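Undergrad: Here's a structure for you.
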Protein chains: 4
Amino acid sequence: MSSELCVFEWRYGSDEMRKIFSRENFVSKFIQVEKSLLKGLVEAGFVERECVDEINKCLENIDLYKLSEDVYRLEREIGHEIAALTYLLGERCGRCGGYIHLGATSNDIIDTAWTIMIRDALEIIKRRFRQVFDKMIFYIERYKDLVMIGRTHGQHALPITLGFKFANYLYELSRSYERICDLEKRVLRGKIAGAVGTMAGWRGRGLVIEKVVMKDLGLEPHMISTQISPRDGFAELVSTFSILASQIDRFALEIRELSRTEINEIYESVERVGSSTMPHKRNPVTAERLSGLARFIRSLATAFYENIVLMHERDLSNSSFERISIPHIFMTIDQMFIDMIYLLDHLMINENAIRRNLEISRGAVMSENIMIRLVERGVPRHVAHKKLVELIREAEREGVDFKEILLRDDLVRKHLDSEEIDHLLKPESYLGSYRELIDRTIRYAKDILSRC
Amino acid sequence: MSSELCVFEWRYGSDEMRKIFSRENFVSKFIQVEKSLLKGLVEAGFVERECVDEINKCLENIDLYKLSEDVYRLEREIGHEIAALTYLLGERCGRCGGYIHLGATSNDIIDTAWTIMIRDALEIIKRRFRQVFDKMIFYIERYKDLVMIGRTHGQHALPITLGFKFANYLYELSRSYERICDLEKRVLRGKIAGAVGTMAGWRGRGLVIEKVVMKDLGLEPHMISTQISPRDGFAELVSTFSILASQIDRFALEIRELSRTEINEIYESVERVGSSTMPHKRNPVTAERLSGLARFIRSLATAFYENIVLMHERDLSNSSFERISIPHIFMTIDQMFIDMIYLLDHLMINENAIRRNLEISRGAVMSENIMIRLVERGVPRHVAHKKLVELIREAEREGVDFKEILLRDDLVRKHLDSEEIDHLLKPESYLGSYRELIDRTIRYAKDILSRC
Amino acid sequence: MSSELCVFEWRYGSDEMRKIFSRENFVSKFIQVEKSLLKGLVEAGFVERECVDEINKCLENIDLYKLSEDVYRLEREIGHEIAALTYLLGERCGRCGGYIHLGATSNDIIDTAWTIMIRDALEIIKRRFRQVFDKMIFYIERYKDLVMIGRTHGQHALPITLGFKFANYLYELSRSYERICDLEKRVLRGKIAGAVGTMAGWRGRGLVIEKVVMKDLGLEPHMISTQISPRDGFAELVSTFSILASQIDRFALEIRELSRTEINEIYESVERVGSSTMPHKRNPVTAERLSGLARFIRSLATAFYENIVLMHERDLSNSSFERISIPHIFMTIDQMFIDMIYLLDHLMINENAIRRNLEISRGAVMSENIMIRLVERGVPRHVAHKKLVELIREAEREGVDFKEILLRDDLVRKHLDSEEIDHLLKPESYLGSYRELIDRTIRYAKDILSRC
Amino acid sequence: MSSELCVFEWRYGSDEMRKIFSRENFVSKFIQVEKSLLKGLVEAGFVERECVDEINKCLENIDLYKLSEDVYRLEREIGHEIAALTYLLGERCGRCGGYIHLGATSNDIIDTAWTIMIRDALEIIKRRFRQVFDKMIFYIERYKDLVMIGRTHGQHALPITLGFKFANYLYELSRSYERICDLEKRVLRGKIAGAVGTMAGWRGRGLVIEKVVMKDLGLEPHMISTQISPRDGFAELVSTFSILASQIDRFALEIRELSRTEINEIYESVERVGSSTMPHKRNPVTAERLSGLARFIRSLATAFYENIVLMHERDLSNSSFERISIPHIFMTIDQMFIDMIYLLDHLMINENAIRRNLEISRGAVMSENIMIRLVERGVPRHVAHKKLVELIREAEREGVDFKEILLRDDLVRKHLDSEEIDHLLKPESYLGSYRELIDRTIRYAKDILSRC
C-alpha cells in the first residue's frame, strides 16, 4: 500500500504527464532503446537478423508493470536498474536475450530514455502553451480597448488597456516558447557510445549502430560524450522552465493584486469554500498556488548547474538527484499550466471597478499628457515638470479635481484652455500606439508558435 | 493504482519517516490538534465537558486511512482540506462534532500539525545522528594513531592520522546537531490564534485555549502570529539541513576521492554489480548518492527564504510549495543518514595503501619539519623557506630521496646531522597535538549530544 | 583611478561597514593576528620576549594603507597575500620580523582575521537591530489600538490593529536576533592550528599558543580543524542573513502594498523626484530597494553550502568566492538596515484611509463574529457557516449593507436583535486578545535583545 | 579615496570589461541613448533638426568622468540617476537641452543602455571563447592519440585518449556558445516606449521614434513592454552563464583531480609561492579559483528568476539587484575566461605518469574487451560478464597480472590464445571510433563559432 507521501501521486499534475514519468514507463523506455540498439547490432553484424523478431515476440508476452516491479526488486539487491533489466530479459528471452545491451553502457540506455520521455513531456507542454496562447489572445482582442490604469511601483501611473496588459504577458510567454524551440536541438539528443564514450565495444562499427538507433528513435546524437550525455542539457531545460514558471508567477501576481478587495478589477470567479472561518472573501487560490509552485522550480535550477560538474568520464552524483527532480519538475510545470488554463477560464473582468479606479486620482494621472503638451507649446521640459509636480501636490493637499488646479495656474492657462484640458485629462487621449504594439505582438507570438 | 512517480514512495527513505509524512498521518495529526483544541474550548467554557469523551468515542470508530481518502476526495471538490475534515467530522460525530474547529482557522490546525510531525521527524534524525556519532567515534579511536598523508589542494601536504581526519567530521557534524538543538526553541512552536492571529473568535478567552492546547501537545506557542506561524522557522530548518547535507557531502567526497584507483586508501566494501559493462571497478556508489541527494536539499533553501515574504496577514503562496518540499526534504535527509550509516558500516581501511601513499614524495612532505628545526637553530624563517623550496625542486628534478639532497646541502648540514634528519623525516615525528585535539573534540561532541 | 564598478564603493552601505571590509583593514587584521601569534610563540618558548615590543615598534612606523598596496602588488606576483605580508614584514622588521608567522599556515591568519572582522561587523548589525526594535516598539505602542483591516490572500479578512501588525514584524525580527546570538558560539571562533590542523610546527606546544592567541583576541578556538576552519560557520551566517533579509523584505512588501494608490494606508513620505516623467505618484522606492537587496543575499546562500564541500584537509575553491561575497553581503545587509531605519523614520500613517478601507465591505468582514455568536446561541457550526456564506453573497449581489441582509434573515433574527448585530458588526468588538499578545511580544523581544 | 572593498575593482577581471561597467560608462551609454532618442524626436517632428548638432557640440565639451560624478552626487539628493542626468544636461546644453528625454521614461534609457553594454561585453566574451576554442583544439589535435585511462566514479574504467577527453570539453563549451548565439535575438533588444510602454508621450508617432533609435543603435526593439523590458532576458543570460561557468568548473575539476600527487598526469606548471608553510607542492590554484568563481555565478541565477516577477507595469525591486549583480557577474565570467586561458597556456602534460597510471590495474581495465570477444565467440553475455567479474577479483586477490589469471581459466582458454589475449589487453586495441568522434566534434564546434 502506497503511503501517498508525494502530492504529485494524487493531487497535482495530469495523469498524462504522470504516466510519462511513472516507474513503469521508465522500464518501457529502457526496453524501447534496447530494441533500437538490437537493430543497430544487427546492422553492424554483431547479431543475427532474426533476433529482432524473436525479441519483439518475447517482449509481447511480458507484462510491463510486473516487469518494472521485478526490475526494481532486483535493483534493490544488485544496486543497478539496467543490469537488473538486462539480466531479467536475458533470462526470459532465450538465446537472443543474451545479445541485449551488448557493448553498451547503462547510460546509453538511461540518457536516451530520458530524452524520449522529455520529448514526450515537451509535447504536452507545448500543447498547453498553445491553449494558453489562444486564451490570452482571446482576452487581448476582447479587451483591446478597455482602458484601465497602468500601475508602476503599485502607484497609478498612466492609462493602458487591459488588452495591452495581457499582450505583455503573451510576449513574455512567447519568448519562453521560443527558448524551448531553441533548446530542443541541444537537449533532444540520444547517446549510444558505450562505457567511456569511445564506442569501443563495437570495434570500428559504433557509428553504424548509433545511426540506426537515432533513426529508429527519431533523434540526433550527441557529437561526443563521456560515459553519459553532457548535463548542461538538463540544466538548460530547467533554467528555461524556471524562467517560464517565473513569468507565470508574474501573471499570477497580477491577478492576485488586481483581485485585492480595494482594487477588485479581475478575480477568480469560481465558488469554493474560500476560508474555513471567514465566509466572505474571494481568495485567488489558483493564482497563489501558481506562485508557490514557481518557487519549487526556480530554486532547483542551481542544483542542475552543480550537476554539470562531474568528474572525468562521469561520476554518479547526478543520478539520484535527476531521478528525483526531473519528474517532479515536469509534474510541477504541468500543474502550473493546468492552473493557468483554469485561471484563464475563470477570470472575471469587473469593468465597473476598472473604470472607477481610473478616476481615483481625479485627473492627476494625466499630468504627463499636460506636461508634454506644455513642452510642445514651448515650455522647457524641466520647467513644465517642476510645475506639474507642484500642481499635483496642491490638488492632493486640497482634495480637489486636478482640472480645478490646472485652471487656476497662470502658466497652464497661458498655453491651454479648459476644453483642451478636458481633452488632455481623458485617459483615451493618452494611449499612444497601443493598438499597433498589440498587433505586432500577436503576430510575433503566432510566428513563434509555428516554429516548433 | 499508484503511478510510483516519486522515488520516495518506494526507493529512498525509511518507512518510519515515510509514515510521518503520509497523507494518512496528516489527517491523523489534524485530528490530534482538533482534539486538543476541543479540550481548550471546554476549559474556556465554549463547549460542554462531555464532548471530549464523545468525540474520542466517535473517532475511535473511524478508519483513518479511509477518512484520509474521503478528506482528499472532498478537498478536490471544495478546495480546502481542513474544511473537508471538519465537515466530515461534523457530519459523523453528532452534536459535539459541530464544535470541532470552533473559532479556529485552518492554519491553527495545519501549522500545529506540521510542528508535531517535524518534532517526530527530528526525533528520528537525532537518533540517526547518535548512531553516526558512535560509529565515527569508533573509527576515530581505532585509527587515532594511524598515520596518513594530509592533503590540501589535492596535493600531499603533511601527515595526519586517520583518527584526526575523522575527528574533523565529528566536529563538523556536532555543530549541526547543536544547531538543531538551538532551532527547536524557535521551530517547535504551535499556533492557536484564529483567523488573523488575534484569537478574536474566542472573545477574551483565547489565551486560556492556547495554554490548554500547548500543554496537551507539549509545545510552546508563538508569541504572536498572523493567520499563520512565521515562515522563518521552516527556512531555518531547511538551512540547517542544507548545511548538514553539505557536511555529509564533504564526507562522501572524502570517501569518493580516497577510493580512487590510484589512492585506494578507503573504499566501500560491499559486492554489487558495479557496472553493467565493466566487471572490474569498485564504485563508491553510496557516497556518490550522498553527494547527489545533498544537492536536492541545498538548492531548495532559497525557496524557503522566498516563502517568508508573504503578504499582510498571509497569502497562500507558501502552501503548495511546503506540502511538496517538507516531506521530500525530510525523506532525503533520512535517506542520507541511512546511506551514511551504511557507508560507515562498509568502509574498508586499506592500511597498506595508506602507508604506501605516505612515502610517495620520498620525504619531501616533511620539509616543513626540517624548516622549523632550522629556524629553531637560528636560520631566519624566510631564508629557511627559500632553501627548502630549492631543495625540494632539486630532489624532484633528480628523482631521488629528499634525504639525499638534504645531506648534500651545506646550510642544512651545518645545523642537522644524518640521524636528526632521519628523525625529522619520520611522519610520526610531526603530528603535533593531534591526540589532545582529538580528545577535546570527542568530549565536545558528546557534550553537544547531551544537550537535546 | 578607480573605475567605481561596484556600487558598494560609493552608493550602498555605511562607511563604517565599508571600512571593516576594506583592503586596508584586511591587512590590519592579518597583522593583529600575527602579533597575537607572536605573543603565543614567546609564551611557548619559540621566540624571545623582547620581539613583541620590537615588532610593535616596527609596525608603528608603517603606513597601513601603503603597506596594503604593497602586499597586494606583491600578491599579484607571488599569488599569495599572507606570504606577501610576511615577506614584507620580515624584510622591514629586522631579526624579530623573521619570527612572524612561524609554524603557522595562511588560514590561521586569514580565518581568524575573518572572525574578528565578522565580530566587528555583527556589532554594527546588532546596534542597528536595536534601533529598528526601538522604532518598531514606538509604532506598536502608538498604534496599539488603531483598528485596521487584516488581509489574507490580499482580501479583507478580519480587523486587527496597526500595533498588532507591527508586533508581528517585531516578533519575526527578534527571532533573527536570537539566531545571531545562537550562532556566535559557532561562528566567532579563531583557528590557530598550522598547516593541516595538527599544530605540528609547534611541536607539543601548540595548545599553549592557541590559548594565548585566543585570549589576546577574545575568541574561543575551534575544537579541531583541517588547514582551515570548517565552512559551515559562514554558511550559517549567510543563511541567517537570508532569513533576516527576507523578513525585512516582507516588511517592505507590506509597505509597498499598503501604499498602493487604492489602499494608501501607509506610505513613504519623503519628497523625491519620484519619476522622471510622471510628476504625480509617491513611489515606495526605499521599500522596493529593500526587496531587491534581499534577493541578492538569499540567492547566495546556496553557494555557501557548496563551499562546505571542500576536499580532504582543504582545497582553495572557497577562497575567491568568500573574498567576493562576504564583504558584499555585509554591505548589503548594512544598507538594508539603513533603508529600514530610514523607512521607519519616514512612514506616514494615513488614519483616514485606514478607517475608510475598514468600511469597504459594508460589514461583511464581520461575518465571523456573527457566526461565532450564532454557534454560541446553539446553531451548529456548519449550519451557521453555510448561512453566512449565503448572506454575504446576497449582500454583495444587491450591493447593500450586510446588516440589512442579516436583519432580513429568519435564522439570524431568531438569535440576534438589531442592537446586538450593530455591536457585532463593530470591528472593535472583534479584536480578541490583541493587547495581551502585543504585550508578551514586546517583552519577548526585549528579553531576546538582552541575550547578546 | 576608495575603500577597495570589492575585489573586482583591482584584483579580478580585465580593465576592458571593468570599463564597460564603470560608473562613467553608464553615464556615457545613457547619453548615447538620449542622443539617439533626440534624432528620433527630430524625425517625428517634436524637435528642430539643428538640436542634434547643438547637443553634440554641447556634449563634446563635457568631461564624462566629472559629469558622472555630478550625476551621482545629484542622484544622492533626488534619488534618480536619469532625472539627475537630464537635469544637468538641461542646465548645461541650452534650449535644445530641454528636449532631452522628451516623452521618454527612465527605463527607455536604462534598459537600452544595459543592452548596449551587454552587447559590448558579449563581444569580449565571444572573443575569449574563440581563444579558448583555439587552445582546446590545439590540445585535442596534439594529443589525439595519447592513450590514457578513462575514469568513472573515480575508478579506472577503460582507455580513452587525452584528445578525446578534451574534445568532450570542446563540445560542451560549443553548446554554451550556441546558447549565446540563440539568446542574442531575445536579449539584445532595445526599449523605447515611454512610461507604461504605450508610447503615449509621442502621440501616434512613437513607432517612428523607436525605429530611428533602434537603427541608430543597431538593435531590434522589444515587440511590446511595460515601463521596462521584460526581465526574462537577464535571467536567460545569467542562466546561460551559470551553465557555462559550471562547464568551466568541470574542466577545472578535471585538472585539479589529474594533478593530485598520486595521479600527476596534468598540472599547472607556473612557479608560485604555493604555500606559505609547505615548500613542496604544486597547487592547482588557478583551477581552484575557477571552481570558486563558478559558485558565485550559478547561485545568483535564482535571484534573476525572482526578478522576473514584477508587479503590473513594473516595480522597482529589480533595479538595485541588477545594478549590483550584472557588472559583478560579467567581471566574474571575464576572470574565469582569463583564468581558463592562463590555465590552458600553463598545462603540463606528464606523459610518463599517464602511461604509468594506465598500467596500474595490470590489465584488469581491459576486461570488457575480453568479454566482448568471448561473446563474439558465442559465450552468452551474462555468462561472460559473470566470469570476468570472478577473474578480476581473483587477480586482485592474488596480486598478479590479469593475463596470468586469464590463461589459467578454461572457458577463456577455450576461445582465446595467449597472443590474442595480449592483443586484447593492449589499451590501443580498445579505443573504438574515437578519431571519428573527435573529428566530427571539431567540425561541429567550428561550425557553431561561425554562427554569431
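Every chain in the C-alpha cells takes a letter, A first, then B, and so on in the order presented; its residues are numbered from 1, and the ligands are numbered from 1 following the presented order.
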Could you name the residues that touch C:Lys135 at 8 Å or less, counting only C-alpha atoms, but leaving out those on the same chain fewer than 4 positions away, as number ranges by chain?
TA: C: 131, 139, 341, 344-345
Undergrad: Taking 5 positions as the minimum chain separation for residues in the same chain, which residues sit within 10 Å of B:Arg362 when counting only C-alpha atoms? Answer as a ChimeraX atom specification.
TA: /B:357,395-396,399-403,425
Undergrad: If you keep N, CA and C atoms, can you produce a file of those selected residues as a PDB file, in the first residue's frame?
TA:
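File written: out-v2.pdb
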```
ATOM      1  N   ASN B 357      51.169   5.407   0.149  1.00  0.00           N
ATOM      2  CA  ASN B 357      50.990   6.776  -0.333  1.00  0.00           C
ATOM      3  C   ASN B 357      51.814   7.784   0.485  1.00  0.00           C
ATOM      4  N   ALA B 395      65.320  17.747  -5.563  1.00  0.00           N
ATOM      5  CA  ALA B 395      65.019  16.318  -5.338  1.00  0.00           C
ATOM      6  C   ALA B 395      64.087  15.804  -6.412  1.00  0.00           C
ATOM      7  N   GLU B 396      63.131  16.630  -6.743  1.00  0.00           N
ATOM      8  CA  GLU B 396      62.166  16.241  -7.758  1.00  0.00           C
ATOM      9  C   GLU B 396      62.828  16.100  -9.123  1.00  0.00           C
ATOM     10  N   GLY B 399      64.892  13.113  -9.047  1.00  0.00           N
ATOM     11  CA  GLY B 399      64.179  11.858  -8.748  1.00  0.00           C
ATOM     12  C   GLY B 399      64.819  11.034  -7.653  1.00  0.00           C
ATOM     13  N   VAL B 400      65.356  11.705  -6.667  1.00  0.00           N
ATOM     14  CA  VAL B 400      65.984  10.948  -5.570  1.00  0.00           C
ATOM     15  C   VAL B 400      65.286  11.250  -4.242  1.00  0.00           C
ATOM     16  N   ASP B 401      65.664  10.504  -3.205  1.00  0.00           N
ATOM     17  CA  ASP B 401      65.105  10.744  -1.883  1.00  0.00           C
ATOM     18  C   ASP B 401      65.463  12.148  -1.397  1.00  0.00           C
ATOM     19  N   PHE B 402      64.527  12.741  -0.679  1.00  0.00           N
ATOM     20  CA  PHE B 402      64.746  14.082  -0.174  1.00  0.00           C
ATOM     21  C   PHE B 402      65.961  14.101   0.769  1.00  0.00           C
ATOM     22  N   LYS B 403      66.112  13.045   1.498  1.00  0.00           N
ATOM     23  CA  LYS B 403      67.214  12.991   2.457  1.00  0.00           C
ATOM     24  C   LYS B 403      68.560  13.181   1.761  1.00  0.00           C
ATOM     25  N   LEU B 425      62.393  13.322   9.257  1.00  0.00           N
ATOM     26  CA  LEU B 425      61.671  12.871   8.058  1.00  0.00           C
ATOM     27  C   LEU B 425      60.613  11.816   8.388  1.00  0.00           C
TER      28      LEU B 425
END
```
Undergrad: Please identify all polymer residues within 10 Å of stretch 373-382 of chain A, counting only C-alpha atoms, omitting same-chain residues fewer than 6 positions from it, and present them as a compact mmCIF listing (two decimals) with C-alpha atoms, in the first residue's frame.
TA:
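Saved to out-v1.txt:
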```txt
# COMPACT_ATOMS: atom_id res chain seq x y z
CA SER A 367 -0.36 65.08 -15.75
CA LEU A 388 3.22 69.81 -12.68
CA LEU A 411 1.46 79.17 -16.84
CA VAL A 412 -1.01 76.43 -17.71
CA LYS A 414 -1.37 80.76 -20.87
CA HIS A 415 -0.99 77.65 -23.05
CA LEU A 416 -4.15 75.60 -22.59
CA GLU A 420 -8.17 71.31 -24.31
CA ILE A 421 -7.51 70.45 -20.68
CA LEU A 424 -5.94 66.04 -22.22
CA SER C 276 11.22 61.28 -14.48
CA THR C 277 8.04 61.53 -16.50
CA PHE D 46 8.93 67.08 -31.96
CA VAL D 47 12.28 68.81 -32.11
CA ALA D 83 16.42 62.65 -13.69
CA THR D 86 18.57 65.16 -17.79
CA TYR D 87 18.51 67.96 -15.28
CA GLY D 90 19.10 70.56 -19.50
CA GLU D 91 21.02 73.08 -17.46
CA ARG D 95 17.42 75.44 -25.23
CA CYS D 96 17.93 72.12 -27.03
CA GLY D 97 18.99 70.57 -23.74
CA GLY D 98 15.38 70.98 -22.69
CA TYR D 99 14.27 68.48 -25.31
CA ILE D 100 16.46 65.73 -23.99
CA HIS D 101 14.42 62.74 -22.76
CA LEU D 102 11.13 64.24 -24.03
CA GLY D 103 8.33 61.72 -23.72
CA GLY D 201 4.08 60.76 -24.84
```
Undergrad: So how far away is atom CA of C:Arg298 from atom CA of B:Tyr177, in Å?
TA: 23.3 Å
Undergrad: Nearest residue to chain C out of B:Ala113, B:Ala104, B:Met336, B:Ala200, using only C-alpha atoms?
TA: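 When distances to chain C are compared using only C-alpha atoms, the smallest one comes from B:Ala200.
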